[in-house]
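Written out below as structure tokens is the structure these notes cover.
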Amino acid sequence: MKAKTSSEPGIIEMLARSIAVLRKDLVCEFRTRYAINAIVLFAVTTLIAVSFSVGGAGISQPIQATLLWIIIYFSALSGLSRAFVKEEESRTATALKLAASPGAVFGGKLLFNILLLFMLEVVIVPLFVGMMSLQVKGWLLFVMVLVTGSIGLAVAATIVAAIVSKANAKGALFAVLSFPLLLPVLITGIHGTQAAISSSVFMSGIDDLKLLVSYTGVMFVVSLLVFRFIWED
Amino acid sequence: MVFKLLLGIWMSAVIVVAFLYAPAAEGFAQPDAARIIFFHVPNAIVAAIAFIVAAVYAVMHLHSRSLMDDAKSAASAELGLVFTALATITGSIFAHIQWNSWWNWDPRETAIIILLLVYLAYFALRTAVDAPDKRASLSAVYAILALPAMVFLMFIMPRVMFSLHPQDTLISEGKLDITYRLVLYPAILGFIGLYVWLFRIRTALAEIKLKMRRN
Amino acid sequence: MSVVISLELRDISKSFGARDIFSGINAKTGPGCLVVTGRNGSGKSTLLRIIAGLIAPTTGEVVLSLDGQQVPSERRRDVIGMVSPDLALYDELSALENLRFFARVRGICRTDDQLRSSLAQLGLEGREDDRIASYSSGMKQRVKYAFALMHQPPVLLFDEPSTNLDEEGIRAADSIITEHRRQGIVVLATNDQSELRYGDNVLELGGS
């Protein structure tokens, strides 16, 4: 009889285990294509509806930035909530709890949601720029705001998805619970995107980037600390 | 009992003084209407305090797993919801008088409406979970997560972005008359007392309910 | 190398809301088999989930000791393997991919050959690369044994171990239990009369 004698995993080991969870989720996702189909189709439909109604009208920059983030936000709502609900519904959560530490599970699910949002943006942002004839002056700022904003959205959406997977009335509850937590990301994301559209000076959006990074950081740390109270019941 | 009596006298005095002793505030669009800040500001402050107390009891619950801590957290959130609603209404009335529009999406207005949404979401979550243990831990986690969102919306974003609200006029500059502060601070104290009194009633009620369920 | 192991339940109780499932459960066992029996709804599965650390008891504690050292709760998943009807593996993955994933996430190294042979021992030879979704319920049950045993845990928790198993599967489960109870602990939740014979100790729930 051999007793396992692995000590507390370090950060590298935790990351490796998170990536194991991520790989598992990616394989499952590519075999069923549930989330990616839902999220991309939702985004494309919304984009076409929006651009159909306002496309040629030459709308102002604040409204362009707002529309882009609203499309990303609602698409995120349609796809990111699945992360934990799927494990509960297919009753695989028990096996995962028996084998994986809460940190690895949260890390893996978060990485999966970040990747999902990035995949969505790779499709939707060029389409948006084309269909809305968006003129971006500061591309670097534009991309950085999108990337940090998406990570922020993913962090808050992942922890709320974990809460919602344990409650009844999951669908409606996810939107209700996540909106207040996502709002700081949305407001600063819209503000920063607007700055990137209207100015080629990178520093014009530096305050927004700072806010995004710090909020995302705080939410990540708090989420990691409280996750085990949701996961282990 | 004594606390309740003193509180009643104190609050009555605050109301009398707010309307009769404090001078009309020059510098506002309608000086007399500015008296509403004696009620608006304390409401907003108590709303923030109630929220923090709810988060503190949430942390204590996750540590102790005691349902009493959960009940206290929920009681504080409940009161926070009431005070937030009052702050929103009084603020909106004053905005209408001062800036001639009921709602401006000024950062503080955004923050208070989000606070309202957080509380509503919190209670939506509580009704969506049946098992008391699970309800307690999930809503505790949500109360804790909502705190950084509130701090960002209330204190950090208004500093970075433009606000219609007077920045720190009540704390630093001499824009407000000293007599104003002499009324405002006791008013804040009175509202905090009101919160404490209501919180103790809710807590006692929750304790009885928990005991009854156990038996 | 032999490891001294003991499992102790100290005054465990569990209630969901106002409903008490059980209370005052005390038991202590060293290497061997502890059988938990009781009518349906008496809390056998709940007790196993508490021992596994999946849910917290309302009062009391589970003390697991290895070599006289108490195992901290966050390391309990390393020393426990569990088979239970309310545990499922990933339908979208093959049996081998499932095991590979669980090995990675546990941070243990297992070659594909090792994993294949563990599946072969459970009579799943030739089907390792098929998705679990295409398996019969008995085959799924067998994969769960491979999942529970892969990290060679000193404590095994089996909830109704012969669920869905055929004669051959029951024999495989039987050899796992008889083999393991010599040095490790097996906790068995069952109402099957033929499985009561494993019990070095028997804990009857809801008896009084």
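Please note that chains go A, B, ... in the order of the structure tokens, that every chain numbers its residues from 1, and that ligands are numbered from 1 in the order shown.
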
Exercise for the section: Write out as a PyMOL selection string each polymer residue whose atoms come within 10 Å of range 45-56 of chain B, counting only C-alpha atoms; drop sequence neighbours fewer than 2 positions from it. Expected result: chain B and resi 40-43+58-61+69-87+112+115-116+118-119+139-147+150-151+154+188-189+191-196+199

Could the residues in this selection be written to a file with N, CA and C atoms, as a compact mmCIF listing (two decimals), in the first residue's frame?
```txt
# COMPACT_ATOMS: atom_id res chain seq x y z
N HIS B 40 -30.79 63.33 3.05
CA HIS B 40 -30.23 62.59 1.92
C HIS B 40 -28.85 62.02 2.26
N VAL B 41 -27.97 62.87 2.76
CA VAL B 41 -26.60 62.42 3.04
C VAL B 41 -26.57 61.32 4.10
N PRO B 42 -27.26 61.49 5.26
CA PRO B 42 -27.23 60.39 6.25
C PRO B 42 -27.77 59.08 5.69
N ASN B 43 -28.83 59.15 4.88
CA ASN B 43 -29.37 57.92 4.29
C ASN B 43 -28.33 57.20 3.46
N ALA B 58 -21.04 38.37 6.55
CA ALA B 58 -20.88 37.32 5.55
C ALA B 58 -19.55 36.60 5.75
N VAL B 59 -18.49 37.37 5.97
CA VAL B 59 -17.18 36.76 6.22
C VAL B 59 -17.25 35.92 7.49
N MET B 60 -17.89 36.47 8.54
CA MET B 60 -17.99 35.73 9.79
C MET B 60 -18.78 34.43 9.59
N HIS B 61 -19.80 34.49 8.75
CA HIS B 61 -20.56 33.27 8.51
C HIS B 61 -19.70 32.20 7.84
N ASP B 69 -25.12 34.31 12.05
CA ASP B 69 -24.34 35.30 11.32
C ASP B 69 -24.97 35.58 9.96
N ASP B 70 -25.48 34.51 9.35
CA ASP B 70 -26.16 34.69 8.06
C ASP B 70 -27.40 35.56 8.23
N ALA B 71 -28.15 35.31 9.30
CA ALA B 71 -29.36 36.10 9.54
C ALA B 71 -29.02 37.57 9.77
N LYS B 72 -27.90 37.81 10.48
CA LYS B 72 -27.48 39.20 10.71
C LYS B 72 -27.07 39.86 9.40
N SER B 73 -26.36 39.11 8.57
CA SER B 73 -25.94 39.64 7.27
C SER B 73 -27.17 40.01 6.45
N ALA B 74 -28.15 39.12 6.43
CA ALA B 74 -29.37 39.38 5.66
C ALA B 74 -30.13 40.56 6.24
N ALA B 75 -30.18 40.65 7.59
CA ALA B 75 -30.91 41.76 8.22
C ALA B 75 -30.28 43.09 7.84
N SER B 76 -28.95 43.13 7.84
CA SER B 76 -28.28 44.37 7.49
C SER B 76 -28.52 44.71 6.02
N ALA B 77 -28.51 43.70 5.16
CA ALA B 77 -28.76 43.94 3.74
C ALA B 77 -30.18 44.47 3.52
N GLU B 78 -31.11 43.91 4.31
CA GLU B 78 -32.51 44.33 4.22
C GLU B 78 -32.64 45.82 4.54
N LEU B 79 -32.01 46.22 5.67
CA LEU B 79 -32.06 47.63 6.06
C LEU B 79 -31.33 48.48 5.03
N GLY B 80 -30.21 47.94 4.53
CA GLY B 80 -29.47 48.68 3.51
C GLY B 80 -30.33 48.98 2.31
N LEU B 81 -31.15 48.00 1.93
CA LEU B 81 -32.05 48.19 0.78
C LEU B 81 -33.00 49.36 1.04
N VAL B 82 -33.57 49.40 2.26
CA VAL B 82 -34.50 50.48 2.60
C VAL B 82 -33.80 51.84 2.55
N PHE B 83 -32.63 51.93 3.20
CA PHE B 83 -31.92 53.21 3.23
C PHE B 83 -31.44 53.61 1.84
N THR B 84 -31.04 52.63 1.03
CA THR B 84 -30.62 52.95 -0.33
C THR B 84 -31.79 53.53 -1.13
N ALA B 85 -32.95 52.90 -0.97
CA ALA B 85 -34.13 53.40 -1.68
C ALA B 85 -34.43 54.82 -1.26
N LEU B 86 -34.35 55.09 0.08
CA LEU B 86 -34.62 56.45 0.57
C LEU B 86 -33.60 57.45 0.03
N ALA B 87 -32.33 57.04 0.02
CA ALA B 87 -31.28 57.94 -0.50
C ALA B 87 -31.52 58.23 -1.98
N ILE B 112 -25.46 54.57 -6.75
CA ILE B 112 -26.56 54.24 -5.84
C ILE B 112 -27.55 53.29 -6.53
N LEU B 115 -26.07 49.98 -6.33
CA LEU B 115 -26.21 49.45 -4.97
C LEU B 115 -27.61 48.84 -4.80
N LEU B 116 -28.60 49.55 -5.34
CA LEU B 116 -29.97 49.05 -5.31
C LEU B 116 -30.07 47.70 -6.03
N VAL B 118 -27.62 45.60 -6.56
CA VAL B 118 -26.88 44.57 -5.81
C VAL B 118 -27.77 43.97 -4.73
N TYR B 119 -28.45 44.85 -3.98
CA TYR B 119 -29.33 44.37 -2.92
C TYR B 119 -30.45 43.51 -3.48
N SER B 139 -25.16 33.34 -0.45
CA SER B 139 -25.43 34.78 -0.36
C SER B 139 -24.29 35.48 0.37
N ALA B 140 -23.61 34.79 1.28
CA ALA B 140 -22.44 35.40 1.91
C ALA B 140 -21.37 35.70 0.87
N VAL B 141 -21.13 34.72 0.00
CA VAL B 141 -20.13 34.93 -1.05
C VAL B 141 -20.52 36.11 -1.94
N TYR B 142 -21.80 36.21 -2.25
CA TYR B 142 -22.23 37.30 -3.13
C TYR B 142 -22.06 38.65 -2.44
N ALA B 143 -22.41 38.72 -1.15
CA ALA B 143 -22.25 39.98 -0.42
C ALA B 143 -20.79 40.41 -0.40
N ILE B 144 -19.89 39.43 -0.27
CA ILE B 144 -18.45 39.76 -0.25
C ILE B 144 -17.99 40.23 -1.63
N LEU B 145 -18.44 39.53 -2.68
CA LEU B 145 -18.03 39.90 -4.04
C LEU B 145 -18.54 41.28 -4.43
N ALA B 146 -19.72 41.63 -3.93
CA ALA B 146 -20.32 42.91 -4.33
C ALA B 146 -19.57 44.09 -3.71
N LEU B 147 -18.83 43.82 -2.63
CA LEU B 147 -18.14 44.92 -1.95
C LEU B 147 -17.11 45.62 -2.83
N MET B 150 -18.82 47.81 -5.27
CA MET B 150 -19.34 49.03 -4.68
C MET B 150 -18.25 50.05 -4.43
N VAL B 151 -17.13 49.58 -3.90
CA VAL B 151 -16.03 50.51 -3.61
C VAL B 151 -15.58 51.19 -4.91
N MET B 154 -18.49 53.61 -6.04
CA MET B 154 -18.79 54.74 -5.17
C MET B 154 -17.60 55.65 -4.95
N ILE B 188 -26.51 62.58 10.89
CA ILE B 188 -25.86 61.31 10.51
C ILE B 188 -25.88 60.35 11.70
N LEU B 189 -25.50 60.90 12.86
CA LEU B 189 -25.48 60.09 14.07
C LEU B 189 -26.86 59.50 14.35
N PHE B 191 -29.31 58.90 12.24
CA PHE B 191 -29.68 57.86 11.29
C PHE B 191 -28.93 56.57 11.57
N ILE B 192 -27.67 56.71 11.99
CA ILE B 192 -26.92 55.49 12.35
C ILE B 192 -27.61 54.82 13.54
N GLY B 193 -28.04 55.64 14.51
CA GLY B 193 -28.76 55.09 15.67
C GLY B 193 -30.02 54.37 15.23
N LEU B 194 -30.72 54.97 14.27
CA LEU B 194 -31.94 54.36 13.74
C LEU B 194 -31.64 52.99 13.14
N TYR B 195 -30.52 52.95 12.40
CA TYR B 195 -30.10 51.69 11.78
C TYR B 195 -29.80 50.64 12.85
N VAL B 196 -29.05 51.05 13.87
CA VAL B 196 -28.68 50.11 14.94
C VAL B 196 -29.94 49.56 15.61
N PHE B 199 -31.72 47.22 13.31
CA PHE B 199 -30.91 46.02 13.13
C PHE B 199 -31.07 45.08 14.32
```

Practice task
Do a neighbour search on range 206-217 of chain A at 6 Å with only C-alpha atoms, toss out local chain neighbours closer than 5 positions, and write the hits as a ChimeraX atom specification.
Solution key: /A:152,188,192

Would you save the residues of that selection, restricted to N, CA and C atoms, as a compact mmCIF listing (two decimals), in the first residue's frame?
```
# COMPACT_ATOMS: atom_id res chain seq x y z
N GLY A 152 -11.57 40.83 -17.27
CA GLY A 152 -12.41 41.28 -16.16
C GLY A 152 -13.80 40.69 -16.22
N THR A 188 -15.86 51.23 -17.51
CA THR A 188 -14.50 51.62 -17.86
C THR A 188 -14.12 51.10 -19.25
N GLY A 192 -12.84 53.54 -22.10
CA GLY A 192 -11.52 53.35 -22.71
C GLY A 192 -11.61 53.13 -24.22
```

Excluding Tyr198 in chain C and any residue of its chain fewer than 5 positions from it, enumerate the residues within 12 Å of it, using only C-alpha atoms, and give them as a compact mmCIF listing (two decimals) with N, CA and C atoms, in the first residue's frame.
```txt
# COMPACT_ATOMS: atom_id res chain seq x y z
N GLY C 32 -9.44 -2.71 7.25
CA GLY C 32 -10.55 -3.64 7.28
C GLY C 32 -11.72 -3.03 6.56
N CYS C 33 -12.87 -3.65 6.77
CA CYS C 33 -14.04 -3.16 6.05
C CYS C 33 -15.14 -2.75 7.02
N LEU C 34 -15.61 -1.53 6.85
CA LEU C 34 -16.74 -1.04 7.64
C LEU C 34 -17.96 -1.02 6.74
N VAL C 35 -18.97 -1.79 7.12
CA VAL C 35 -20.18 -1.81 6.31
C VAL C 35 -21.23 -0.90 6.93
N VAL C 36 -21.79 -0.02 6.13
CA VAL C 36 -22.85 0.87 6.60
C VAL C 36 -24.15 0.39 5.98
N ALA C 173 -15.18 -6.55 -8.49
CA ALA C 173 -15.36 -5.69 -7.31
C ALA C 173 -15.00 -6.45 -6.04
N ASP C 174 -15.40 -7.73 -6.01
CA ASP C 174 -15.12 -8.56 -4.84
C ASP C 174 -13.62 -8.69 -4.61
N SER C 175 -12.86 -8.90 -5.70
CA SER C 175 -11.43 -9.06 -5.50
C SER C 175 -10.79 -7.73 -5.08
N ILE C 176 -11.32 -6.62 -5.57
CA ILE C 176 -10.79 -5.31 -5.14
C ILE C 176 -10.99 -5.14 -3.64
N ILE C 177 -12.21 -5.46 -3.18
CA ILE C 177 -12.53 -5.26 -1.76
C ILE C 177 -11.70 -6.18 -0.88
N THR C 178 -11.67 -7.46 -1.24
CA THR C 178 -10.93 -8.40 -0.37
C THR C 178 -9.44 -8.09 -0.36
N GLU C 179 -8.94 -7.64 -1.51
CA GLU C 179 -7.52 -7.27 -1.58
C GLU C 179 -7.23 -6.05 -0.72
N HIS C 180 -8.10 -5.06 -0.85
CA HIS C 180 -7.81 -3.77 -0.23
C HIS C 180 -7.97 -3.80 1.29
N ARG C 181 -8.92 -4.57 1.79
CA ARG C 181 -9.22 -4.51 3.21
C ARG C 181 -8.10 -5.06 4.09
N ARG C 182 -7.14 -5.74 3.47
CA ARG C 182 -6.05 -6.29 4.27
C ARG C 182 -5.21 -5.18 4.88
N ILE C 185 -8.53 0.73 4.28
CA ILE C 185 -9.89 0.76 4.81
C ILE C 185 -10.87 0.77 3.65
N VAL C 186 -11.90 -0.05 3.75
CA VAL C 186 -13.00 0.00 2.80
C VAL C 186 -14.25 0.36 3.58
N VAL C 187 -14.94 1.38 3.16
CA VAL C 187 -16.25 1.68 3.76
C VAL C 187 -17.29 1.38 2.70
N LEU C 188 -18.22 0.52 3.06
CA LEU C 188 -19.16 -0.01 2.10
C LEU C 188 -20.57 0.38 2.54
N ALA C 189 -21.30 1.08 1.68
CA ALA C 189 -22.69 1.37 2.00
C ALA C 189 -23.55 0.44 1.16
N THR C 190 -24.29 -0.43 1.81
CA THR C 190 -25.05 -1.42 1.05
C THR C 190 -26.21 -1.96 1.86
N ASP C 192 -27.27 -4.99 0.45
CA ASP C 192 -27.18 -6.31 -0.15
C ASP C 192 -26.68 -7.31 0.90
N GLN C 193 -27.52 -8.34 1.20
CA GLN C 193 -27.15 -9.30 2.25
C GLN C 193 -25.80 -9.94 1.99
```

Practice task
Using only C-alpha atoms, determine which residues lie at most 9 Å from Asp112 in chain C, disregarding the query and same-chain residues fewer than 5 positions distant; provide the list as number ranges by chain.
Solution key: C: 96, 100, 117

Problem - Residues of chain A within 10 Å of chain C, counting only C-alpha atoms, as a PyMOL selection string - result: chain A and resi 1-9+13-14+16-21+23-25+27-32+87+90-102+104-105+231-233

Handout entry: Residue contacts of Phe118 in chain A (12 Å, only C-alpha atoms) excluding same-chain residues fewer than 3 positions away, as a list in words
Key =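 Here the answer would be Ile36, Ile39, Val40, Ile72, Ser75, Ala76, Leu111, Phe112, Asn113, Ile114, Leu115, Glu121, Val122, Val123, Ile124, Val125, Val143, Leu146, Val147, Thr148, Gly149, Ser150, Ile151, Leu153 and Ala154 of chain A.
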
Problem - Exercise answer, chain B residues close to chain A, 9 Å and only C-alpha atoms, as a ChimeraX atom specification - result: /B:62,114-115,117-118,120-122,124-130,133-135,137-139,141-142,144-146,148-150,152-153,156-157,160
